[in-house]
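S.K.: Take a look at this one; I'll ask things after.
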Protein chains: 2
Amino acid sequence: MPAKDLYHDTVKVALMKDGWTITQDPLSLRFGKKDFFIDLGAERLLAAEKNREKIAVEVKSFIGPSEIKDLENALGQFVLYQNALSILEPDRALFLAIREAVYVDLFEEAIGQLLLQRNLLQIVSFDPDQEVIIRWIT
Amino acid sequence: MPAKDLYHDTVKVALMKDGWTITQDPLSLRFGKKDFFIDLGAERLLAAEKNREKIAVEVKSFIGPSEIKDLENALGQFVLYQNALSILEPDRALFLAIREAVYVDLFEEAIGQLLLQRNLLQIVSFDPDQEVIIRWIT
């Protein structure tokens, strides 16, 4: 299993404050002969519909020397996991968890905007000090 | 500029043997405020049409301890570059260059097949000893 991201526990706390129950830590998937581990699986009861909303969350700290390299790595994981999930668990939505500061820096920029417009990523941003979710970008 | 991949020069030679002219080494792109460097740009004259076929090639050695990690990194770069190219140079096709052995290992497996079926990657495979192109997977 891969090492936990720096903000793993921060995101876990922020999700719980947002009403989510952490159901997997990590969420392991097997596709063909290959194993994948997504940082967190979580569920929330949608009272009105008596349905469970299910998500998988991959946490990325973006603390490497190159922001673009960090973006490439996050994007590659996201695309791979999303495609595997679409077959294995089509009712579970995948989110990339990043700090709100990273969101503003990268995703209000041209390249990040392009990725979001083309629905290549779904993001949940968080405040690492307050340990709260800031926004969901779907 | 990023360090050259282990097989950078091998792929360059193999492309030239295949009739390509290397036009950029690396191919640099600017998207918004961000710079990207794709390993190689190449062109080939299509005699019948008097047109130039243009490609960009990102070389990946896949020699890391985790094949899946290598795949994630390659996929992330590919998706990012392809989206930037689709705006900046829509007539240039992007290819990921990998050894034929890696192709067989990963892309004849379920996860690789899924990525190819969904048109998430285009691949050119090469023989590192003979320094020749084996196949183009589009």
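Each chain in the structure tokens gets a letter, A, B and so on, in the order shown; residues start at 1 in every chain, and ligands are counted from 1 in the order they appear.
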So that I can see what lies close to A:Arg135, please list as a PyMOL selection string the residues with an atom at most 6 Å from it, counting only C-alpha atoms and leaving out residues fewer than 2 positions away in the same chain.

M.R.: chain A and resi 124-125+133

S.K.: Residues of the last selection are to be written out with C-alpha atoms, as a compact mmCIF listing (two decimals), in the first residue's frame.

M.R.:
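To be explicit, this is the file written out as selection_3.txt:
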```txt
# COMPACT_ATOMS: atom_id res chain seq x y z
CA VAL A 124 -12.97 18.87 -3.46
CA SER A 125 -10.94 21.66 -1.90
CA ILE A 133 -14.20 21.37 3.09
```

S.K.: So that I can check the surroundings of stretch 107-110 of chain A, please list as a list in words every protein, DNA and RNA residue that reaches within 10 Å of it, counting only C-alpha atoms and ignoring chain neighbours fewer than 2 positions away.

M.R.: Glu100, Ala101, Val102, Tyr103, Val104, Asp105, Gly112, Gln113, Leu114, Leu115, Leu116 and Ile123 of chain A; Phe31, Gly32, Lys33, Lys34 and Ala84 of chain B

S.K.: Just want the 10 Å neighbourhood of A:Tyr81, counted on only C-alpha atoms, with same-chain residues fewer than 5 positions away dropped. Output as a VMD selection string.

M.R.: (chain A and resid 29 31 36 to 38 56 58 75 to 76 86 94) or (chain B and resid 72 111)

S.K.: Could you take the residues named above and write them with C-alpha atoms, as a PDB file, in the first residue's frame?

M.R.:
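part_0.pdb, written as the output of this step:
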```pdb
ATOM      1  CA  LEU A  29      -9.714  -2.090  -6.025  1.00  0.00           C
ATOM      2  CA  PHE A  31      -8.850  -4.521 -11.937  1.00  0.00           C
ATOM      3  CA  PHE A  36      -5.160   0.050  -6.837  1.00  0.00           C
ATOM      4  CA  PHE A  37      -5.549   1.912  -3.593  1.00  0.00           C
ATOM      5  CA  ILE A  38      -7.579   5.113  -3.465  1.00  0.00           C
ATOM      6  CA  ALA A  56     -13.809   7.885  -3.421  1.00  0.00           C
ATOM      7  CA  GLU A  58      -7.646  10.783  -3.576  1.00  0.00           C
ATOM      8  CA  LEU A  75      -4.338  13.734 -13.196  1.00  0.00           C
ATOM      9  CA  GLY A  76      -2.877  10.354 -14.147  1.00  0.00           C
ATOM     10  CA  SER A  86     -16.632   3.235 -13.831  1.00  0.00           C
ATOM     11  CA  LEU A  94     -14.210  10.094  -7.581  1.00  0.00           C
TER      12      LEU A  94
ATOM     13  CA  GLU B  72      -0.222   6.849 -13.787  1.00  0.00           C
ATOM     14  CA  ILE B 111      -6.388  -1.906 -17.295  1.00  0.00           C
TER      15      ILE B 111
END
```

S.K.: I need the alpha helix (DSSP H) residues of chain A per DSSP on the backbone, written as a ChimeraX atom specification.

M.R.: /A:8-17,67-88,100-102,110-117

S.K.: Rounded to one decimal in Å, what is the spacing between atom CA of A:Lys69 and atom CA of A:Glu89?

M.R.: 28.7 Å

S.K.: Interatomic distance between atom CA of A:Ile22 and atom CA of A:Asn51?

M.R.: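 According to the coordinates, atom CA of A:Ile22 and atom CA of A:Asn51 are separated by 16.3 Å.
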
S.K.: From the DSSP assignment of the backbone, select every residue of stretch 3-53 of chain A that is strand (DSSP E), and format the answer as a VMD selection string.

M.R.: chain A and resid 21 to 24 27 to 31 34 to 38 40 to 46 51 to 53

S.K.: Report the distance between atom CA of B:Leu120 and atom CA of B:Pro26 in Å, rounded to one decimal place.

M.R.: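 Spanning atom CA of B:Leu120 to atom CA of B:Pro26 is a straight-line distance of 22.6 Å.
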